[in-house]
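Engineer: Take a look at protein.tsv, TSV, C-alpha atoms and all ligand atoms:
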chain	number	residue	atom	x	y	z
I	1	MET	CA	-48.31	-43.74	-7.42
I	2	SER	CA	-45.31	-45.94	-7.99
I	3	SER	CA	-42.01	-44.85	-6.52
I	4	PRO	CA	-38.91	-44.79	-8.71
I	5	LEU	CA	-37.68	-47.77	-6.71
I	6	ASP	CA	-40.32	-49.94	-8.33
I	7	THR	CA	-38.23	-49.78	-11.47
I	8	LEU	CA	-35.79	-52.17	-9.87
I	9	ILE	CA	-38.26	-54.18	-7.88
I	10	THR	CA	-40.36	-55.07	-10.92
I	11	LEU	CA	-37.45	-56.50	-12.89
I	12	LYS	CA	-37.70	-60.20	-13.62
I	13	TYR	CA	-34.26	-60.64	-12.05
I	14	PRO	CA	-32.60	-58.45	-9.39
I	15	LEU	CA	-29.68	-57.92	-11.74
I	16	ILE	CA	-28.00	-54.91	-13.27
I	17	GLN	CA	-25.88	-55.63	-16.31
I	18	ALA	CA	-22.91	-53.47	-15.33
I	19	PRO	CA	-22.26	-50.48	-17.56
I	20	MET	CA	-18.86	-51.04	-19.20
I	21	ALA	CA	-17.49	-48.13	-21.20
I	22	GLY	CA	-15.39	-49.11	-24.18
I	23	VAL	CA	-16.57	-52.72	-24.46
I	24	GLN	CA	-20.28	-52.45	-25.10
I	25	ASN	CA	-22.92	-50.42	-26.84
I	26	GLU	CA	-26.70	-50.43	-26.74
I	27	GLN	CA	-26.89	-53.97	-28.16
I	28	LEU	CA	-25.84	-55.44	-24.79
I	29	THR	CA	-28.17	-53.02	-23.01
I	30	ILE	CA	-31.09	-54.19	-25.12
I	31	ALA	CA	-30.24	-57.88	-24.75
I	32	ALA	CA	-30.04	-57.54	-20.96
I	33	CYS	CA	-33.33	-55.63	-20.81
I	34	LYS	CA	-35.07	-58.20	-22.96
I	35	ALA	CA	-33.78	-61.03	-20.79
I	36	GLY	CA	-35.30	-59.48	-17.64
I	37	ALA	CA	-32.34	-57.60	-16.11
I	38	LEU	CA	-31.69	-53.87	-15.97
I	39	GLY	CA	-29.63	-53.19	-19.08
I	40	SER	CA	-27.06	-50.42	-18.76
I	41	LEU	CA	-25.62	-48.05	-21.31
I	42	PRO	CA	-22.20	-46.61	-20.41
I	43	CYS	CA	-22.14	-42.98	-21.58
I	44	ALA	CA	-18.79	-41.71	-20.29
I	45	MET	CA	-17.11	-42.09	-23.68
I	46	LEU	CA	-20.07	-40.92	-25.78
I	47	SER	CA	-20.95	-37.46	-27.08
I	48	VAL	CA	-24.34	-35.95	-26.30
I	49	GLU	CA	-25.51	-36.84	-29.82
I	50	GLN	CA	-24.33	-40.44	-29.45
I	51	VAL	CA	-26.16	-40.81	-26.14
I	52	VAL	CA	-29.39	-39.51	-27.66
I	53	GLN	CA	-29.03	-41.87	-30.61
I	54	ALA	CA	-28.40	-44.81	-28.28
I	55	ILE	CA	-31.44	-43.95	-26.14
I	56	GLU	CA	-33.57	-43.88	-29.28
I	57	THR	CA	-32.24	-47.28	-30.30
I	58	VAL	CA	-32.92	-48.80	-26.87
I	59	ARG	CA	-36.42	-47.34	-26.73
I	60	SER	CA	-37.27	-48.60	-30.18
I	61	ALA	CA	-36.16	-52.13	-29.22
I	62	THR	CA	-37.72	-52.52	-25.78
I	63	ASP	CA	-40.18	-50.93	-23.36
I	64	ALA	CA	-38.17	-52.21	-20.41
I	65	ALA	CA	-36.41	-49.94	-17.93
I	66	TYR	CA	-32.79	-49.09	-18.76
I	67	ASN	CA	-29.89	-47.43	-16.99
I	68	LEU	CA	-27.72	-44.63	-18.36
I	69	ASN	CA	-24.31	-44.54	-16.68
I	70	PHE	CA	-22.09	-41.48	-16.35
I	71	PHE	CA	-18.83	-40.55	-14.69
I	72	CYS	CA	-18.65	-37.55	-12.38
I	73	HIS	CA	-14.96	-36.77	-12.19
I	74	THR	CA	-13.51	-33.27	-12.36
I	75	LEU	CA	-11.43	-32.81	-15.48
I	76	PRO	CA	-7.86	-31.82	-14.56
I	77	ALA	CA	-6.35	-28.62	-15.93
I	78	PRO	CA	-4.14	-29.26	-18.97
I	79	ASN	CA	-0.65	-30.09	-17.76
I	80	GLU	CA	1.98	-30.23	-20.49
I	81	ALA	CA	4.78	-31.05	-18.07
I	82	ALA	CA	2.89	-34.09	-16.75
I	83	GLN	CA	2.18	-35.25	-20.32
I	84	ALA	CA	5.84	-34.80	-21.25
I	85	ARG	CA	6.92	-36.95	-18.27
I	86	TRP	CA	4.39	-39.60	-19.22
I	87	LEU	CA	5.51	-39.63	-22.84
I	88	ALA	CA	9.14	-39.89	-21.69
I	89	CYS	CA	8.18	-42.90	-19.61
I	90	LEU	CA	6.53	-44.53	-22.65
I	91	LYS	CA	9.24	-43.44	-25.12
I	92	PRO	CA	11.12	-46.76	-25.23
I	93	TYR	CA	7.92	-48.43	-26.42
I	94	TYR	CA	7.26	-45.72	-28.99
I	95	ASP	CA	10.77	-46.37	-30.28
I	96	GLU	CA	10.17	-50.11	-30.33
I	97	PHE	CA	7.12	-49.62	-32.58
I	98	GLY	CA	8.78	-46.87	-34.64
I	99	LEU	CA	6.16	-44.33	-33.50
I	100	SER	CA	6.66	-40.62	-32.94
I	101	ALA	CA	5.48	-39.29	-29.58
I	102	GLU	CA	3.43	-36.20	-30.28
I	103	SER	CA	1.48	-34.42	-27.54
I	104	PRO	CA	-1.79	-36.34	-27.26
I	105	GLN	CA	-4.87	-34.42	-26.09
I	106	GLY	CA	-7.92	-35.27	-24.04
I	107	GLY	CA	-8.78	-38.40	-22.18
I	108	GLY	CA	-11.80	-39.73	-23.99
I	109	ARG	CA	-14.02	-39.64	-20.91
I	110	THR	CA	-16.19	-36.68	-20.00
I	111	PRO	CA	-18.14	-36.07	-16.81
I	112	PHE	CA	-21.91	-35.67	-16.65
I	113	SER	CA	-22.83	-32.08	-17.55
I	114	ASP	CA	-25.69	-29.61	-17.94
I	115	ALA	CA	-25.60	-30.21	-21.70
I	116	MET	CA	-26.00	-33.95	-21.17
I	117	ALA	CA	-28.84	-33.34	-18.71
I	118	ASP	CA	-30.59	-31.10	-21.28
I	119	ALA	CA	-30.31	-33.82	-23.89
I	120	ILE	CA	-31.58	-36.73	-21.80
I	121	GLU	CA	-34.28	-34.96	-19.78
I	122	PRO	CA	-36.98	-35.32	-22.47
I	123	TYR	CA	-36.56	-39.10	-22.25
I	124	ARG	CA	-36.79	-39.24	-18.44
I	125	PRO	CA	-34.53	-42.29	-18.33
I	126	PRO	CA	-35.79	-44.72	-15.67
I	127	VAL	CA	-32.38	-45.09	-14.02
I	128	LEU	CA	-29.17	-43.06	-13.99
I	129	SER	CA	-26.07	-44.54	-12.39
I	130	PHE	CA	-22.92	-42.64	-11.57
I	131	HIS	CA	-19.32	-43.62	-11.01
I	132	PHE	CA	-16.92	-41.46	-8.94
I	133	GLY	CA	-19.58	-39.87	-6.73
I	134	LEU	CA	-22.51	-37.75	-7.84
I	135	PRO	CA	-22.89	-34.69	-10.07
I	136	SER	CA	-23.53	-31.25	-8.49
I	137	GLN	CA	-26.46	-30.89	-6.11
I	138	LEU	CA	-28.23	-28.78	-8.73
I	139	LEU	CA	-28.00	-31.60	-11.25
I	140	VAL	CA	-29.03	-34.21	-8.67
I	141	LYS	CA	-32.09	-32.09	-7.86
I	142	ARG	CA	-32.92	-31.72	-11.53
I	143	ILE	CA	-32.67	-35.47	-12.13
I	144	LYS	CA	-34.89	-36.16	-9.13
I	145	ASN	CA	-37.45	-33.66	-10.41
I	146	TRP	CA	-37.74	-35.43	-13.73
I	147	GLY	CA	-38.03	-38.76	-11.91
I	148	SER	CA	-34.97	-40.93	-12.66
I	149	LEU	CA	-33.75	-43.30	-9.98
I	150	ILE	CA	-30.18	-42.37	-8.95
I	151	LEU	CA	-27.56	-45.06	-8.32
I	152	SER	CA	-23.90	-44.60	-7.48
I	153	SER	CA	-20.95	-46.78	-6.51
I	154	ALA	CA	-19.40	-46.82	-3.05
I	155	THR	CA	-16.08	-48.50	-2.29
I	156	THR	CA	-16.20	-47.76	1.47
I	157	VAL	CA	-18.84	-47.36	4.17
I	158	GLU	CA	-18.02	-43.65	4.36
I	159	GLU	CA	-18.74	-43.23	0.64
I	160	ALA	CA	-22.04	-45.11	0.96
I	161	GLN	CA	-23.14	-42.79	3.77
I	162	TRP	CA	-22.08	-39.75	1.77
I	163	LEU	CA	-24.06	-40.93	-1.26
I	164	GLU	CA	-27.15	-41.54	0.86
I	165	ALA	CA	-26.88	-38.08	2.40
I	166	ASN	CA	-26.39	-36.44	-1.00
I	167	GLY	CA	-29.26	-37.86	-3.00
I	168	ALA	CA	-28.53	-41.41	-4.16
I	169	ASP	CA	-31.59	-43.70	-4.11
I	170	VAL	CA	-29.56	-46.90	-4.31
I	171	ILE	CA	-25.94	-47.71	-3.47
I	172	ILE	CA	-23.79	-50.04	-5.53
I	173	ALA	CA	-21.29	-51.60	-3.11
I	174	GLN	CA	-18.24	-52.12	-5.34
I	175	GLY	CA	-15.95	-54.75	-3.85
I	176	LEU	CA	-12.24	-54.74	-4.56
I	177	GLU	CA	-12.68	-57.77	-6.84
I	178	ALA	CA	-14.56	-55.75	-9.44
I	179	GLY	CA	-13.29	-55.24	-12.96
I	180	GLY	CA	-12.68	-51.81	-14.47
I	181	HIS	CA	-12.31	-48.52	-12.63
I	182	ARG	CA	-12.63	-48.24	-8.89
I	183	GLY	CA	-15.52	-45.93	-8.09
I	184	HIS	CA	-13.87	-44.20	-5.09
I	185	PHE	CA	-14.37	-40.48	-4.69
I	186	ILE	CA	-13.68	-39.47	-1.09
I	187	ASN	CA	-10.06	-40.52	-0.99
I	188	ASP	CA	-7.93	-42.57	-3.32
I	189	SER	CA	-6.33	-44.89	-0.76
I	190	LEU	CA	-6.77	-48.39	-2.11
I	191	ASP	CA	-5.95	-49.69	1.38
I	192	ASP	CA	-9.30	-48.34	2.59
I	193	GLN	CA	-11.16	-50.51	0.09
I	194	MET	CA	-12.41	-54.02	0.81
I	195	GLY	CA	-13.50	-57.20	-0.82
I	196	LEU	CA	-17.25	-57.55	-1.32
I	197	PHE	CA	-17.82	-60.02	1.53
I	198	ALA	CA	-16.45	-57.50	4.03
I	199	LEU	CA	-17.83	-54.36	2.40
I	200	LEU	CA	-21.40	-55.38	1.61
I	201	PRO	CA	-22.80	-56.20	5.09
I	202	GLN	CA	-21.13	-53.13	6.55
I	203	ILE	CA	-22.74	-50.87	3.95
I	204	VAL	CA	-26.10	-52.63	4.32
I	205	ASP	CA	-26.00	-51.90	8.06
I	206	ALA	CA	-24.82	-48.31	7.62
I	207	VAL	CA	-27.47	-46.99	5.21
I	208	ALA	CA	-31.25	-47.16	4.97
I	209	ILE	CA	-31.48	-47.23	1.17
I	210	PRO	CA	-31.19	-50.41	-0.95
I	211	VAL	CA	-27.73	-51.77	-1.72
I	212	ILE	CA	-26.66	-53.59	-4.89
I	213	ALA	CA	-23.59	-55.84	-4.72
I	214	ALA	CA	-20.85	-55.64	-7.37
I	215	GLY	CA	-17.50	-57.38	-7.72
I	216	GLY	CA	-16.60	-60.96	-8.50
I	217	ILE	CA	-20.17	-62.22	-8.89
I	218	ALA	CA	-20.22	-64.65	-11.78
I	219	ASP	CA	-22.55	-67.51	-10.92
I	220	LYS	CA	-25.71	-68.20	-8.97
I	221	ARG	CA	-23.80	-68.99	-5.79
I	222	GLY	CA	-22.33	-65.51	-5.89
I	223	VAL	CA	-25.76	-64.01	-6.45
I	224	GLN	CA	-27.25	-65.97	-3.54
I	225	ALA	CA	-24.35	-65.06	-1.25
I	226	ALA	CA	-24.80	-61.36	-2.03
I	227	LEU	CA	-28.54	-61.56	-1.37
I	228	GLN	CA	-27.82	-63.40	1.91
I	229	LEU	CA	-25.51	-60.58	2.95
I	230	GLY	CA	-28.32	-58.07	2.53
I	231	ALA	CA	-28.00	-56.93	-1.09
I	232	ARG	CA	-31.26	-56.16	-2.87
I	233	GLY	CA	-29.69	-57.10	-6.17
I	234	VAL	CA	-26.38	-57.61	-7.95
I	235	GLN	CA	-24.42	-55.80	-10.64
I	236	VAL	CA	-22.37	-58.10	-12.85
I	237	GLY	CA	-19.78	-56.91	-15.35
I	238	THR	CA	-16.93	-59.26	-16.19
I	239	ARG	CA	-19.17	-62.23	-16.94
I	240	PHE	CA	-20.78	-60.21	-19.78
I	241	LEU	CA	-17.45	-59.30	-21.40
I	242	THR	CA	-17.35	-62.48	-23.45
I	243	SER	CA	-21.04	-62.36	-24.33
I	244	HIS	CA	-21.97	-62.18	-28.01
I	245	GLU	CA	-23.51	-58.75	-27.58
I	246	ALA	CA	-20.46	-57.10	-25.98
I	247	THR	CA	-18.00	-55.32	-28.29
I	248	THR	CA	-14.96	-56.62	-26.38
I	249	SER	CA	-12.04	-57.09	-28.78
I	250	THR	CA	-10.93	-60.56	-29.77
I	251	ILE	CA	-7.62	-59.99	-28.00
I	252	HIS	CA	-9.41	-59.02	-24.80
I	253	LYS	CA	-11.86	-61.93	-25.01
I	254	ARG	CA	-9.00	-64.35	-25.61
I	255	ALA	CA	-7.23	-63.10	-22.47
I	256	LEU	CA	-10.42	-63.36	-20.41
I	257	MET	CA	-10.84	-67.00	-21.41
I	258	SER	CA	-7.19	-67.90	-20.79
I	259	LYS	CA	-5.11	-68.67	-17.72
I	260	GLN	CA	-3.71	-65.14	-17.95
I	261	ALA	CA	-7.01	-63.96	-16.44
I	262	GLN	CA	-6.09	-65.56	-13.12
I	263	HIS	CA	-3.78	-62.63	-12.53
I	264	THR	CA	-5.40	-59.21	-12.38
I	265	GLN	CA	-4.14	-56.02	-10.77
I	266	LEU	CA	-5.29	-52.49	-10.11
I	267	THR	CA	-3.41	-50.30	-12.54
I	268	ASN	CA	-3.41	-46.58	-13.33
I	269	LEU	CA	-1.47	-46.98	-16.59
I	270	PHE	CA	-4.41	-46.79	-18.97
I	271	SER	CA	-6.28	-43.79	-17.62
I	272	GLY	CA	-4.50	-42.33	-14.59
I	273	ARG	CA	-6.97	-43.91	-12.15
I	274	PRO	CA	-6.77	-47.38	-10.63
I	275	ALA	CA	-8.79	-49.95	-12.55
I	276	ARG	CA	-8.63	-53.74	-12.47
I	277	GLY	CA	-7.31	-55.51	-15.52
I	278	ILE	CA	-5.46	-58.65	-16.55
I	279	VAL	CA	-1.72	-58.29	-16.08
I	280	ASN	CA	0.08	-57.85	-19.39
I	281	ARG	CA	3.51	-56.71	-20.47
I	282	VAL	CA	3.07	-52.98	-19.87
I	283	ILE	CA	1.63	-53.58	-16.38
I	284	ARG	CA	4.53	-55.90	-15.56
I	285	GLU	CA	7.14	-53.45	-16.82
I	286	LEU	CA	5.72	-50.06	-15.75
I	287	GLY	CA	3.13	-50.79	-13.13
I	288	PRO	CA	0.76	-51.65	-11.90
I	289	LEU	CA	0.71	-48.14	-10.36
I	290	ASN	CA	3.09	-45.67	-11.94
I	291	GLU	CA	3.80	-42.22	-10.50
I	292	TYR	CA	4.23	-40.75	-13.98
I	293	ALA	CA	0.75	-41.66	-15.19
I	294	PRO	CA	-0.98	-38.24	-15.36
I	295	ALA	CA	-4.32	-37.41	-13.76
I	296	PHE	CA	-7.45	-39.26	-14.88
I	297	PRO	CA	-8.37	-39.43	-17.68
I	298	THR	CA	-5.35	-37.87	-19.38
I	299	ALA	CA	-3.08	-40.92	-19.28
I	300	THR	CA	-5.23	-42.56	-21.94
I	301	PRO	CA	-4.24	-40.96	-25.28
I	302	ALA	CA	-0.50	-41.62	-25.05
I	303	ILE	CA	-0.89	-45.28	-24.18
I	304	THR	CA	-3.72	-45.75	-26.69
I	305	THR	CA	-1.24	-45.07	-29.48
I	306	LEU	CA	0.83	-48.01	-28.25
I	307	ARG	CA	-2.24	-50.15	-27.80
I	308	ALA	CA	-3.25	-49.58	-31.42
I	309	ALA	CA	0.23	-50.44	-32.69
I	310	ALA	CA	0.45	-53.62	-30.61
I	311	GLU	CA	-3.07	-54.75	-31.45
I	312	LYS	CA	-2.22	-54.42	-35.15
I	313	GLN	CA	0.32	-57.15	-34.41
I	314	ASN	CA	-2.36	-59.18	-32.62
I	315	SER	CA	-0.81	-58.42	-29.23
I	316	GLY	CA	-2.58	-57.32	-26.05
I	317	ASP	CA	0.68	-56.19	-24.42
I	318	PHE	CA	-0.48	-52.55	-24.25
I	319	SER	CA	-4.26	-53.03	-24.09
I	320	PRO	CA	-6.42	-52.39	-21.05
I	321	LEU	CA	-7.60	-55.96	-20.54
I	322	TRP	CA	-10.20	-54.93	-17.97
I	323	SER	CA	-11.39	-57.79	-15.85
I	324	GLY	CA	-12.65	-58.58	-12.39
I	325	GLU	CA	-11.06	-61.29	-10.30
I	326	ASN	CA	-13.64	-63.91	-11.20
I	327	THR	CA	-13.42	-65.00	-14.84
I	328	GLN	CA	-14.31	-68.62	-14.11
I	329	TYR	CA	-17.42	-68.55	-16.30
I	330	CYS	CA	-16.24	-66.24	-19.08
I	331	ARG	CA	-17.18	-67.98	-22.30
I	332	GLU	CA	-18.79	-67.17	-25.64
I	333	GLU	CA	-22.53	-67.08	-25.01
I	334	SER	CA	-25.52	-64.79	-25.28
I	335	ALA	CA	-26.31	-62.21	-22.63
I	336	GLN	CA	-29.60	-64.01	-22.10
I	337	SER	CA	-27.78	-67.24	-21.30
I	338	VAL	CA	-25.51	-65.37	-18.83
I	339	ILE	CA	-28.53	-63.91	-17.10
I	340	GLU	CA	-30.49	-67.14	-16.92
I	341	SER	CA	-27.50	-69.04	-15.56
I	342	LEU	CA	-27.19	-66.54	-12.69
I	343	PHE	CA	-30.67	-67.37	-11.48
I	344	ASP	CA	-31.67	-70.87	-12.65
I	345	HIS	CA	-32.29	-73.48	-9.99
E	401	LIG	C1	-14.57	-53.54	-18.88
E	401	LIG	C2	-15.24	-52.84	-17.74
E	401	LIG	C3	-15.65	-51.52	-17.91
E	401	LIG	C4	-16.32	-50.85	-16.88
E	401	LIG	N1	-16.79	-49.59	-17.12
E	401	LIG	C5	-17.60	-49.00	-16.19
E	401	LIG	C6	-18.29	-47.79	-16.50
E	401	LIG	O1	-18.18	-47.24	-17.59
E	401	LIG	N2	-19.08	-47.27	-15.54
E	401	LIG	C7	-19.25	-47.87	-14.31
E	401	LIG	O2	-20.00	-47.34	-13.48
E	401	LIG	N3	-18.62	-49.03	-14.01
E	401	LIG	C8	-17.82	-49.61	-14.92
E	401	LIG	N4	-17.22	-50.82	-14.63
E	401	LIG	C9	-17.39	-51.40	-13.29
E	401	LIG	C10	-18.71	-52.18	-13.19
E	401	LIG	O3	-19.78	-51.28	-13.10
E	401	LIG	C11	-18.79	-53.12	-11.96
E	401	LIG	O4	-18.45	-52.44	-10.79
E	401	LIG	C12	-17.91	-54.34	-12.09
E	401	LIG	O5	-17.89	-54.82	-13.41
E	401	LIG	C13	-18.41	-55.44	-11.17
E	401	LIG	O6	-17.43	-56.42	-10.97
E	401	LIG	P1	-17.20	-57.69	-11.95
E	401	LIG	O7	-16.55	-57.13	-13.16
E	401	LIG	O8	-16.32	-58.56	-11.15
E	401	LIG	O9	-18.54	-58.29	-12.24
E	401	LIG	C14	-16.55	-51.50	-15.64
E	401	LIG	C15	-16.12	-52.82	-15.48
E	401	LIG	C16	-15.48	-53.50	-16.51
E	401	LIG	C17	-15.08	-54.93	-16.31
What is this file in structure tokens?
Ligand SMILES: Cc1cc2nc3c(=O)[nH]c(=O)nc-3n(C[C@H](O)[C@H](O)[C@H](O)COP(=O)(O)O)c2cc1C
Structural biologist:
Amino acid sequence: MSSPLDTLITLKYPLIQAPMAGVQNEQLTIAACKAGALGSLPCAMLSVEQVVQAIETVRSATDAAYNLNFFCHTLPAPNEAAQARWLACLKPYYDEFGLSAESPQGGGRTPFSDAMADAIEPYRPPVLSFHFGLPSQLLVKRIKNWGSLILSSATTVEEAQWLEANGADVIIAQGLEAGGHRGHFINDSLDDQMGLFALLPQIVDAVAIPVIAAGGIADKRGVQAALQLGARGVQVGTRFLTSHEATTSTIHKRALMSKQAQHTQLTNLFSGRPARGIVNRVIRELGPLNEYAPAFPTATPAITTLRAAAEKQNSGDFSPLWSGENTQYCREESAQSVIESLFDH
């Protein structure tokens, strides 16, 4: 009988197209699967119905293995005072755009749940990956019973060991270079987190399960270096952001392909949790880390109003221009061409 690990081992390329909520849908998943990588579908911003629809679309396009990605944060209790402080902090910008600051609700990102498990179980997705730890032990057990391979991100050696002890089958070592949200879940000290070259070999030596390398990998040298350091595969995100199949906005793509992309920072302004993005006006003026940004994910709605107003004026000043540190090869091309370039000899 094949083990769930064979899902990864039988891929044409040891590559996971990183799940990237907000900038991709199932079209990138499908393109990555068809090109021989593990295509990922980010589900954190999708409803149960949308996830089911996307699974159907992927399954009708390819027989290849795919990865469904979920967040496992705990939603904070509603906190009107924290929202009021955040809106007060953003008020000068609301005034600048002539917007009224009403109380925005929600955060647009929901954690993995029993309802989601009920909906996806009939499909027995080959791979589930998690960000911010793992769901409850009951859910982990349920997922294992139906046979999905479980992946999760670690930003420290301690997190990798915790994930191994709590049911992960594969660790994604997320170096500090990586674009988007940091996956930390044991403590939120960014000082404890390391670049991939330091983190990866330490995690490889500390756990017995396979390790995938993520963060700053954008060409075949990066892939080879990660494999040399003991990774069984790589997870690449930023390089796919300018691919034809991604839904990245024109403003975001333009920034990724400009000199502006040389300067990224970890900012909590767009969600309440540190995530790496290209420095823009709002990061320069309020960040990168602002004490008034409310708990993840509730910082999002208030700043999204500004983002929409600025983007209408063709400006990315208030947009989350998520990006890793390595944008050297970001260019308009197909996902297949990205994937082949990471492995051709
Ligand atoms: C725009 C963007 C969105 C992301 N969204 C998610 C997500 O929804 N789930 C997740 O597990 N990781 C997410 N990540 C992190 C990636 O999984 C991965 O760690 C990272 O892209 C690897 O570094 P790189 O961007 O330098 O290739 C995101 C990254 C980016 C750039």
Engineer: Rank I:Ala21, I:Ile212, I:Leu99, I:Leu134 by their smallest atom-to-atom distance to ligand LIG 401 (chain E), using only C-alpha atoms and all ligand atoms, and report the top residue only.
Structural biologist: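 Of the candidates, the smallest distance to ligand LIG 401 (chain E) is held by I:Ala21.
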Engineer: Would you mind listing what lies within 12 Å of Ile217 (chain I) as a VMD selection string, with all atoms listed in the file counted and same-chain residues fewer than 2 positions away left out?
Structural biologist: chain I and resid 15 to 18 174 to 179 195 to 197 212 to 215 219 to 227 233 to 240 324 to 330 338 to 339 342 to 343
Engineer: Which residues, written as a list in words, have at least one atom at most 8 Å from Glu245 (chain I), with all atoms listed in the file counted and residues fewer than 4 positions away on the same chain left out?
Structural biologist: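 With the cut-off at 8 Å, the set is Gln24, Gln27, Leu28, Ala31, Ser334 and Ala335 of chain I.
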Engineer: If you measure from CA of Phe185 (chain I) to CA of Pro76 (chain I), what distance in Å do you get, rounded to one decimal?
Structural biologist: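 Separation between CA of Phe185 (chain I) and CA of Pro76 (chain I): 14.7 Å.
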Engineer: Could you give me the centre and size, in Å to one decimal, of an axis-aligned box around all listed atoms of ligand LIG 401 (chain E) with 5 Å added on every side, as lines of an AutoDock Vina configuration file?
Structural biologist:
center_x = -17.3
center_y = -52.9
center_z = -14.8
size_x = 15.4
size_y = 21.3
size_z = 18.1
Engineer: Find the residues around Met20 (chain I) up to 9 Å (only C-alpha atoms counted), leave out those fewer than 4 positions away in its own chain, and share them as an mmCIF file with C-alpha atoms, in the coordinates of the input.
Structural biologist:
data_model
loop_
_atom_site.group_PDB
_atom_site.id
_atom_site.type_symbol
_atom_site.label_atom_id
_atom_site.label_comp_id
_atom_site.auth_asym_id
_atom_site.auth_seq_id
_atom_site.Cartn_x
_atom_site.Cartn_y
_atom_site.Cartn_z
ATOM 1 C CA GLN I 24 -20.280 -52.450 -25.100
ATOM 2 C CA ASN I 25 -22.920 -50.420 -26.840
ATOM 3 C CA SER I 40 -27.060 -50.420 -18.760
ATOM 4 C CA LEU I 41 -25.620 -48.050 -21.310
ATOM 5 C CA PRO I 42 -22.200 -46.610 -20.410
ATOM 6 C CA ASN I 69 -24.310 -44.540 -16.680
ATOM 7 C CA GLY I 180 -12.680 -51.810 -14.470
ATOM 8 C CA GLY I 237 -19.780 -56.910 -15.350
ATOM 9 C CA THR I 238 -16.930 -59.260 -16.190
ATOM 10 C CA LEU I 241 -17.450 -59.300 -21.400
#
Engineer: Between I:Phe112, I:Val23, I:Thr10, I:Val127, which residue has the minimum interatomic distance to Leu68 (chain I), considering only C-alpha atoms?
Structural biologist: I:Val127
Engineer: Of the candidates I:Thr250, I:Ser113, I:Gln260, I:Thr57, which one gets nearest to Glu26 (chain I) if we count only C-alpha atoms?
Structural biologist: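 Answer, going by the shortest atom-to-atom distance: I:Thr57.
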Engineer: Using all atoms listed in the file, can you tell me which of I:Asp95, I:Tyr292, I:Arg182, I:Trp322 comes closest to Thr264 (chain I)?
Structural biologist: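 Nearest candidate to Thr264 (chain I) out of I:Asp95, I:Tyr292, I:Arg182, I:Trp322: I:Trp322.
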Engineer: What is the distance, in Å and to one decimal place, between CA of Ala310 (chain I) and CA of Phe97 (chain I)?
Structural biologist: 8.0 Å
Engineer: Rounded to one decimal, what separation in Å do you get between CA of Gln313 (chain I) and CA of Thr267 (chain I)?
Structural biologist: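 Between CA of Gln313 (chain I) and CA of Thr267 (chain I) the gap works out to 23.2 Å.
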Engineer: Pick from I:Leu90, I:Leu199, I:Ala81, I:Cys72: nearest to ligand LIG 401 (chain E), with all atoms listed in the file counted?
Structural biologist: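 Among the listed residues, the smallest separation from ligand LIG 401 (chain E) belongs to I:Cys72.
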Engineer: For Ile303 (chain I), please output as a PyMOL selection string all residues within 9 Å (counting only C-alpha atoms; exclusion window: fewer than 2 positions along the same chain).
Structural biologist: chain I and resi 87+90+269-271+299-301+305-308+318-319
Engineer: Of the residues I:Leu11, I:Leu75, I:Val52, I:Ala302, which is the one nearest to Asp118 (chain I), using only C-alpha atoms?
Structural biologist: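 Checking each of I:Leu11, I:Leu75, I:Val52, I:Ala302 against Asp118 (chain I), counting only C-alpha atoms, the winner is I:Val52.
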Engineer: At most 7 Å from (-30.1, -33.3, -26.2), file frame, all atoms listed in the file: which residues, as a PyMOL selection string?
Structural biologist: chain I and resi 48-49+52+116+118-120
